[in-house]
Every structure is written in C-alpha cells, then in structure tokens.
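Chemist: Please find final_16.cif (mmCIF, C-alpha atoms) on the next line:
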data_entry
loop_
_atom_site.group_PDB
_atom_site.id
_atom_site.type_symbol
_atom_site.label_atom_id
_atom_site.label_comp_id
_atom_site.auth_asym_id
_atom_site.auth_seq_id
_atom_site.Cartn_x
_atom_site.Cartn_y
_atom_site.Cartn_z
ATOM 1 C CA MET A 108 -71.827 68.171 109.937
ATOM 2 C CA ARG A 109 -70.852 68.604 113.564
ATOM 3 C CA ILE A 110 -67.100 68.097 113.753
ATOM 4 C CA GLY A 111 -65.283 67.700 117.064
ATOM 5 C CA PHE A 112 -61.681 68.841 117.323
ATOM 6 C CA ASP A 113 -59.332 68.140 120.194
ATOM 7 C CA ILE A 114 -56.998 71.066 120.926
ATOM 8 C CA ASP A 115 -53.716 69.693 122.323
ATOM 9 C CA GLY A 116 -51.963 67.364 119.916
ATOM 10 C CA CYS A 117 -54.297 68.230 117.026
ATOM 11 C CA MET A 118 -54.572 72.002 116.868
ATOM 12 C CA THR A 119 -51.196 72.363 118.630
ATOM 13 C CA ASP A 120 -47.982 70.375 118.652
ATOM 14 C CA ASP A 121 -47.938 69.808 122.390
ATOM 15 C CA ASP A 122 -45.680 66.782 121.925
ATOM 16 C CA GLU A 123 -42.763 68.898 120.705
ATOM 17 C CA TYR A 124 -43.363 71.482 123.453
ATOM 18 C CA ARG A 125 -43.591 68.804 126.131
ATOM 19 C CA LEU A 126 -40.376 67.068 125.067
ATOM 20 C CA ALA A 127 -38.487 70.368 124.983
ATOM 21 C CA TYR A 128 -39.746 71.627 128.339
ATOM 22 C CA MET A 129 -39.709 68.259 130.128
ATOM 23 C CA SER A 130 -36.059 67.925 129.119
ATOM 24 C CA LYS A 131 -35.353 71.435 130.422
ATOM 25 C CA TYR A 132 -37.192 70.759 133.686
ATOM 26 C CA ALA A 133 -35.336 67.458 134.136
ATOM 27 C CA TYR A 134 -31.991 69.169 133.587
ATOM 28 C CA GLU A 135 -32.801 72.049 135.959
ATOM 29 C CA ASN A 136 -34.010 69.694 138.710
ATOM 30 C CA GLY A 137 -31.499 66.850 138.404
ATOM 31 C CA LEU A 138 -34.150 64.384 137.265
ATOM 32 C CA ASP A 139 -33.801 61.378 135.020
ATOM 33 C CA ILE A 140 -33.791 62.114 131.334
ATOM 34 C CA LEU A 141 -36.715 61.177 129.133
ATOM 35 C CA ASP A 142 -37.236 57.448 129.030
ATOM 36 C CA ASP A 143 -39.544 57.116 126.038
ATOM 37 C CA PRO A 144 -39.887 60.110 123.719
ATOM 38 C CA CYS A 145 -42.705 58.221 121.994
ATOM 39 C CA GLY A 146 -44.706 57.993 125.227
ATOM 40 C CA TYR A 147 -47.771 60.139 125.831
ATOM 41 C CA GLU A 148 -47.355 62.877 128.496
ATOM 42 C CA HIS A 149 -45.986 61.363 131.739
ATOM 43 C CA LYS A 150 -45.244 58.080 129.941
ATOM 44 C CA ALA A 151 -42.375 59.879 128.185
ATOM 45 C CA SER A 152 -40.352 60.035 131.411
ATOM 46 C CA PHE A 153 -39.409 58.082 134.500
ATOM 47 C CA TRP A 154 -41.344 60.599 136.577
ATOM 48 C CA ASP A 155 -44.065 59.743 139.020
ATOM 49 C CA ARG A 156 -47.356 61.660 139.010
ATOM 50 C CA GLU A 157 -46.211 64.083 141.741
ATOM 51 C CA THR A 158 -43.138 65.107 139.731
ATOM 52 C CA GLU A 159 -45.323 65.564 136.673
ATOM 53 C CA ARG A 160 -47.692 67.784 138.686
ATOM 54 C CA GLU A 161 -44.746 69.923 139.824
ATOM 55 C CA TYR A 162 -43.544 70.227 136.222
ATOM 56 C CA ARG A 163 -47.034 71.305 135.119
ATOM 57 C CA LYS A 164 -47.145 74.003 137.809
ATOM 58 C CA VAL A 165 -44.039 75.545 136.255
ATOM 59 C CA TYR A 166 -44.775 75.149 132.529
ATOM 60 C CA HIS A 167 -48.438 74.363 131.834
ATOM 61 C CA GLU A 168 -49.739 77.933 131.941
ATOM 62 C CA ASN A 169 -46.894 79.066 129.685
ATOM 63 C CA TYR A 170 -47.856 76.334 127.240
ATOM 64 C CA MET A 171 -51.546 77.266 127.226
ATOM 65 C CA ARG A 172 -50.819 80.955 126.701
ATOM 66 C CA ASN A 173 -48.021 80.687 124.146
ATOM 67 C CA VAL A 174 -48.136 77.448 122.183
ATOM 68 C CA SER A 175 -48.513 78.017 118.461
ATOM 69 C CA LEU A 176 -51.315 76.684 116.353
ATOM 70 C CA ARG A 177 -50.256 74.070 113.850
ATOM 71 C CA TYR A 178 -49.738 75.459 110.363
ATOM 72 C CA HIS A 179 -53.037 76.210 108.554
ATOM 73 C CA CYS A 180 -55.237 75.136 111.494
ATOM 74 C CA ALA A 181 -57.183 78.413 111.775
ATOM 75 C CA GLU A 182 -57.442 78.618 107.982
ATOM 76 C CA ILE A 183 -58.971 75.133 107.654
ATOM 77 C CA LEU A 184 -61.360 75.615 110.580
ATOM 78 C CA LYS A 185 -62.565 78.830 108.946
ATOM 79 C CA LYS A 186 -63.057 77.055 105.595
ATOM 80 C CA LEU A 187 -65.050 74.260 107.217
ATOM 81 C CA HIS A 188 -67.164 76.768 109.131
ATOM 82 C CA GLU A 189 -67.862 78.786 105.962
ATOM 83 C CA GLU A 190 -68.971 75.550 104.283
ATOM 84 C CA GLY A 191 -71.665 75.250 106.955
ATOM 85 C CA HIS A 192 -70.033 72.747 109.335
ATOM 86 C CA GLN A 193 -70.283 73.243 113.095
ATOM 87 C CA ILE A 194 -66.902 73.384 114.807
ATOM 88 C CA ILE A 195 -66.963 71.923 118.328
ATOM 89 C CA LEU A 196 -63.664 72.193 120.223
ATOM 90 C CA ILE A 197 -63.523 69.383 122.784
ATOM 91 C CA THR A 198 -60.586 69.350 125.185
ATOM 92 C CA GLY A 199 -59.567 67.460 128.283
ATOM 93 C CA ARG A 200 -57.244 70.302 129.407
ATOM 94 C CA TYR A 201 -56.840 69.768 133.108
ATOM 95 C CA PRO A 202 -58.465 71.093 135.276
ATOM 96 C CA GLY A 203 -60.736 73.030 132.890
ATOM 97 C CA PHE A 204 -63.620 70.621 133.470
ATOM 98 C CA TYR A 205 -63.834 71.382 137.178
ATOM 99 C CA ASP A 206 -65.895 74.138 138.782
ATOM 100 C CA SER A 207 -62.949 75.636 140.643
ATOM 101 C CA GLU A 208 -60.778 78.727 140.523
ATOM 102 C CA GLU A 209 -58.055 76.782 138.718
ATOM 103 C CA GLY A 210 -60.609 75.293 136.298
ATOM 104 C CA LYS A 211 -61.937 78.761 135.467
ATOM 105 C CA LYS A 212 -58.384 79.988 134.899
ATOM 106 C CA VAL A 213 -57.750 77.194 132.364
ATOM 107 C CA ARG A 214 -61.055 77.930 130.593
ATOM 108 C CA ASP A 215 -60.303 81.671 130.446
ATOM 109 C CA ILE A 216 -56.725 81.196 129.209
ATOM 110 C CA THR A 217 -57.950 78.788 126.530
ATOM 111 C CA ALA A 218 -60.674 81.175 125.329
ATOM 112 C CA GLU A 219 -58.171 84.068 125.217
ATOM 113 C CA TRP A 220 -55.687 81.935 123.283
ATOM 114 C CA LEU A 221 -58.355 80.922 120.735
ATOM 115 C CA LYS A 222 -59.330 84.570 120.246
ATOM 116 C CA LYS A 223 -55.694 85.678 119.912
ATOM 117 C CA ASN A 224 -55.161 83.016 117.233
ATOM 118 C CA GLU A 225 -58.404 83.918 115.410
ATOM 119 C CA VAL A 226 -59.828 80.411 115.704
ATOM 120 C CA VAL A 227 -63.407 80.153 114.435
ATOM 121 C CA TYR A 228 -65.602 77.758 116.401
ATOM 122 C CA ASP A 229 -69.185 77.268 117.514
ATOM 123 C CA LYS A 230 -68.655 75.717 120.935
ATOM 124 C CA LEU A 231 -65.829 75.042 123.398
ATOM 125 C CA VAL A 232 -66.253 71.999 125.651
ATOM 126 C CA PHE A 233 -64.022 70.933 128.557
ATOM 127 C CA THR A 234 -64.289 67.264 129.449
ATOM 128 C CA GLY A 235 -63.636 64.874 132.253
ATOM 129 C CA PHE A 236 -62.614 61.283 131.562
ATOM 130 C CA PRO A 237 -63.376 59.033 129.863
ATOM 131 C CA LYS A 238 -63.548 61.758 127.267
ATOM 132 C CA VAL A 239 -65.745 59.755 124.881
ATOM 133 C CA GLU A 240 -68.800 60.193 127.109
ATOM 134 C CA TYR A 241 -68.548 63.980 126.802
ATOM 135 C CA ILE A 242 -67.848 63.787 123.062
ATOM 136 C CA ARG A 243 -70.942 61.623 122.525
ATOM 137 C CA LYS A 244 -73.109 64.237 124.284
ATOM 138 C CA GLU A 245 -72.064 66.731 121.603
ATOM 139 C CA ASN A 246 -73.549 64.521 118.837
ATOM 140 C CA VAL A 247 -70.513 64.903 116.609
ATOM 141 C CA ASP A 248 -70.446 63.245 113.205
ATOM 142 C CA LEU A 249 -66.638 63.121 113.194
ATOM 143 C CA MET A 250 -63.938 63.555 115.849
ATOM 144 C CA VAL A 251 -60.361 64.708 115.253
ATOM 145 C CA GLU A 252 -58.255 63.337 118.126
ATOM 146 C CA ASP A 253 -54.659 62.372 118.900
ATOM 147 C CA TYR A 254 -54.821 60.276 122.081
ATOM 148 C CA ASP A 255 -55.038 56.573 121.275
ATOM 149 C CA GLY A 256 -57.245 55.677 124.251
ATOM 150 C CA THR A 257 -59.864 58.251 123.290
ATOM 151 C CA ILE A 258 -59.635 57.280 119.625
ATOM 152 C CA LEU A 259 -60.281 53.615 120.416
ATOM 153 C CA ASP A 260 -63.279 54.596 122.555
ATOM 154 C CA CYS A 261 -64.691 56.902 119.866
ATOM 155 C CA ILE A 262 -64.446 54.597 116.843
ATOM 156 C CA ARG A 263 -67.248 52.475 118.315
ATOM 157 C CA TYR A 264 -69.646 55.385 117.768
ATOM 158 C CA PHE A 265 -68.471 57.655 114.919
ATOM 159 C CA PRO A 266 -65.603 58.165 112.462
ATOM 160 C CA VAL A 267 -62.305 59.446 113.843
ATOM 161 C CA PHE A 268 -59.435 61.257 112.190
ATOM 162 C CA CYS A 269 -56.238 60.483 114.109
ATOM 163 C CA TYR A 270 -53.871 63.457 114.033
ATOM 164 C CA ASP A 271 -50.455 61.853 113.605
ATOM 165 C CA ASN A 272 -48.013 62.213 116.495
ATOM 166 C CA ARG A 273 -44.996 60.118 117.492
ATOM 167 C CA TYR A 274 -46.930 58.655 120.466
ATOM 168 C CA ASN A 275 -49.851 57.299 118.393
ATOM 169 C CA ARG A 276 -47.995 55.768 115.437
ATOM 170 C CA ASP A 277 -48.616 52.192 116.592
ATOM 171 C CA LEU A 278 -52.367 52.744 116.507
ATOM 172 C CA ALA A 279 -53.898 50.981 113.524
ATOM 173 C CA ASP A 280 -57.542 50.269 112.790
ATOM 174 C CA GLU A 281 -59.412 50.363 109.500
ATOM 175 C CA ARG A 282 -62.003 52.662 111.072
ATOM 176 C CA ILE A 283 -59.381 55.363 111.694
ATOM 177 C CA THR A 284 -58.252 57.892 109.090
ATOM 178 C CA ARG A 285 -54.758 59.159 109.888
ATOM 179 C CA VAL A 286 -54.045 62.798 109.022
ATOM 180 C CA TYR A 287 -50.629 64.448 108.876
ATOM 181 C CA SER A 288 -51.383 68.149 108.466
ATOM 182 C CA TRP A 289 -54.392 70.451 108.365
ATOM 183 C CA TYR A 290 -54.564 70.499 104.576
ATOM 184 C CA ASP A 291 -54.262 66.713 104.578
ATOM 185 C CA LEU A 292 -57.201 66.662 107.024
ATOM 186 C CA TYR A 293 -59.202 68.982 104.777
ATOM 187 C CA ARG A 294 -58.529 66.906 101.653
ATOM 188 C CA LYS A 295 -59.382 63.618 103.382
ATOM 189 C CA PHE A 296 -62.490 65.133 104.948
ATOM 190 C CA HIS A 297 -63.842 66.146 101.527
ATOM 191 C CA ARG A 298 -62.857 62.869 99.960
ATOM 192 C CA GLN A 299 -64.574 60.845 102.691
ATOM 193 C CA PHE A 300 -67.659 62.955 103.308
ATOM 194 C CA SER A 301 -68.245 64.943 100.114
ATOM 195 C CA GLY A 302 -66.988 62.585 97.456
ATOM 196 C CA ASP A 303 -64.525 65.260 96.246
#
What would the structure in this file look like if it were written as structure tokens?
Modeler:
Amino acid sequence: MRIGFDIDGCMTDDDEYRLAYMSKYAYENGLDILDDPCGYEHKASFWDRETEREYRKVYHENYMRNVSLRYHCAEILKKLHEEGHQIILITGRYPGFYDSEEGKKVRDITAEWLKKNEVVYDKLVFTGFPKVEYIRKENVDLMVEDYDGTILDCIRYFPVFCYDNRYNRDLADERITRVYSWYDLYRKFHRQFSGD
C-alpha cells in the first residue's frame, strides 16, 4: 500500500508546542491570552494573521528543527516500510511548497530533521492548499492526517486515519478511523487492511 502521513500533528505534537510557545509569545509581547486552546493554529488565540506571522518568525524555525517525534513514530514507519508499504510524507508546512529561498529553507530543515530522527520514508511532498488535491496526485491508499478540513476533503476519495488532537475531537464520521498513538495506528492498520 501507499500510505500518506502528515508530519505536524501526526508525527509530531505541534499542538502542545504551539500552546506552550504561543502563551510565551503572548506574555512577552503583552498580547491577549489564548482564547480557545482547542482551536487549530491561529484559531487558538485572539490574534490576527499579522500577529501570527510575527510569532512564526520567532518560533517556527525552532519548532521545525527541534520538535520531537511522537513516541514510536519512527519505529512504526520502519515496520510498515519493512512490510513492503510505501511511506509518503505529505506536509503543508508553510512555505515549503513555494519555489523561494524561504521555501527551500523549510524543505531543507524538514529533510535534516527527518534524517536526524531516523525516519524511514520513500517520498517527501510539500503541498499547497487545498491539500487534498496534492494528496490525490500521490495515489495513496490511506492518509494519516490531523486537520479536520483536510480529513473531510480526503474521506471522499480514500480511507483516513485521524490522529487524535484536542482540536479535532468534534470530528465524527463513520469513514474516519481515529488513532491515539503510533502503536494504536499500527494495530488498527493491520486490523483494517490485513485482517489481523
């Protein structure tokens, strides 16, 4: 099978990082506190897009270079790869999609981070939006995703495993399989696709 995996929110816990560093940035800059800790990215705060961009200038590169993989992520990706599955990492990391100096920097940092964390994969894809159009071009048989908008787009075309995060807990659809950890993902994958 060709399995697509989103990076941020699935392979990493960017939600925890974002809440910690958005709170720090708000404190340091006299900004309003977080409005909705269950919101996705900028929806977690009162901030406008310009404030969010300024925050990202300060903390986004640090995140990309230093965020930890979720427990057992590299181990499960390696197992799936050894079983003959193709691992396609599909990320909307901004501005990695764009042919610019900043886009190249994001692509290079991401590739270095994957190597440092010994992540096994066959292909790394940076997308624009809507992300589903880029995912479909990769002919995946399954997508592992955390963002509810992308999940709802994808379930029209192929199965989706929703990696559980506080901002997607209201998402419910019988076509979605919710996963809570990488071993939970692995178990549900084999149960659904191998009959194990």
Chemist: Give the answer as one residue: which of A:Cys261, A:Met108, A:Leu249, A:Cys117 has the shortest atom-to-atom distance to A:Arg177, using all atoms listed in the file?
Modeler: A:Cys117
Chemist: For the structure shown, which residues end up in the PyMOL selection byres ((chain A and resi 225) around 12)? Put them as a ChimeraX atom specification, please?
Modeler: /A:175-176,179-185,218-224,226-228
Chemist: Got a sec: who's within 10 Å of A:Phe204, counting all atoms listed in the file, leaving out chain neighbours fewer than 2 positions off, as a count of residues only?
Modeler: 17
Chemist: I'd like the residues picked by the PyMOL selection byres ((chain A and resi 248) around 12) written out as a PyMOL selection string, using the chain letters and numbers from the file.
Modeler: chain A and resi 108-112+192-195+242-247+249-251+261-262+264-268+296+300
Chemist: Calculate how many Å separate atom CA of A:Thr119 from atom CA of A:Asp255, rounding to one decimal.
Modeler: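 Pair atom CA of A:Thr119 / atom CA of A:Asp255 returns 16.5 Å.
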Chemist: So which one's closest to A:Tyr287, A:Arg172, A:Ile114, A:Leu259, A:Asp120? Using all atoms listed in the file, please.
Modeler: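 Closest to A:Tyr287, using all atoms listed in the file: A:Asp120.
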Chemist: What separation in Å, quoted to one decimal, exists between atom CA of A:Asp280 and atom CA of A:Val239?
Modeler: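 Atom-to-atom, atom CA of A:Asp280 and atom CA of A:Val239 are spaced 17.4 Å apart.
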Chemist: In Å to one decimal, how far is atom CA of A:Ile197 from atom CA of A:Lys230?
Modeler: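 Interatomic distance, atom CA of A:Lys230 to atom CA of A:Ile197: 8.4 Å.
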Chemist: How close does stretch 195-299 of chain A get to stretch 121-134 of chain A? List, as CSV, each residue of stretch 195-299 of chain A within 10 Å, its nearest atom pair and the distance in Å to one decimal, counting only C-alpha atoms.
Modeler:
residue,atom,partner,partner_atom,distance
A:Asn272,CA,A:Asp122,CA,7.5
A:Arg273,CA,A:Asp122,CA,8.0
A:Tyr274,CA,A:Asp122,CA,8.4
Chemist: May I ask which of the residues A:Ile216, A:Glu159, A:Gly137, A:Asp271 is the closest one to A:Thr284, counting only C-alpha atoms?
Modeler: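 Smallest separation from A:Thr284 among the options: A:Asp271.
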Chemist: Select, from A:Leu187, A:Leu278, A:Leu292, A:Met171, the residue with the minimum atom-to-atom distance to A:Lys212, counting all atoms listed in the file.
Modeler: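 Using all atoms listed in the file, A:Lys212 sits closest to A:Met171.
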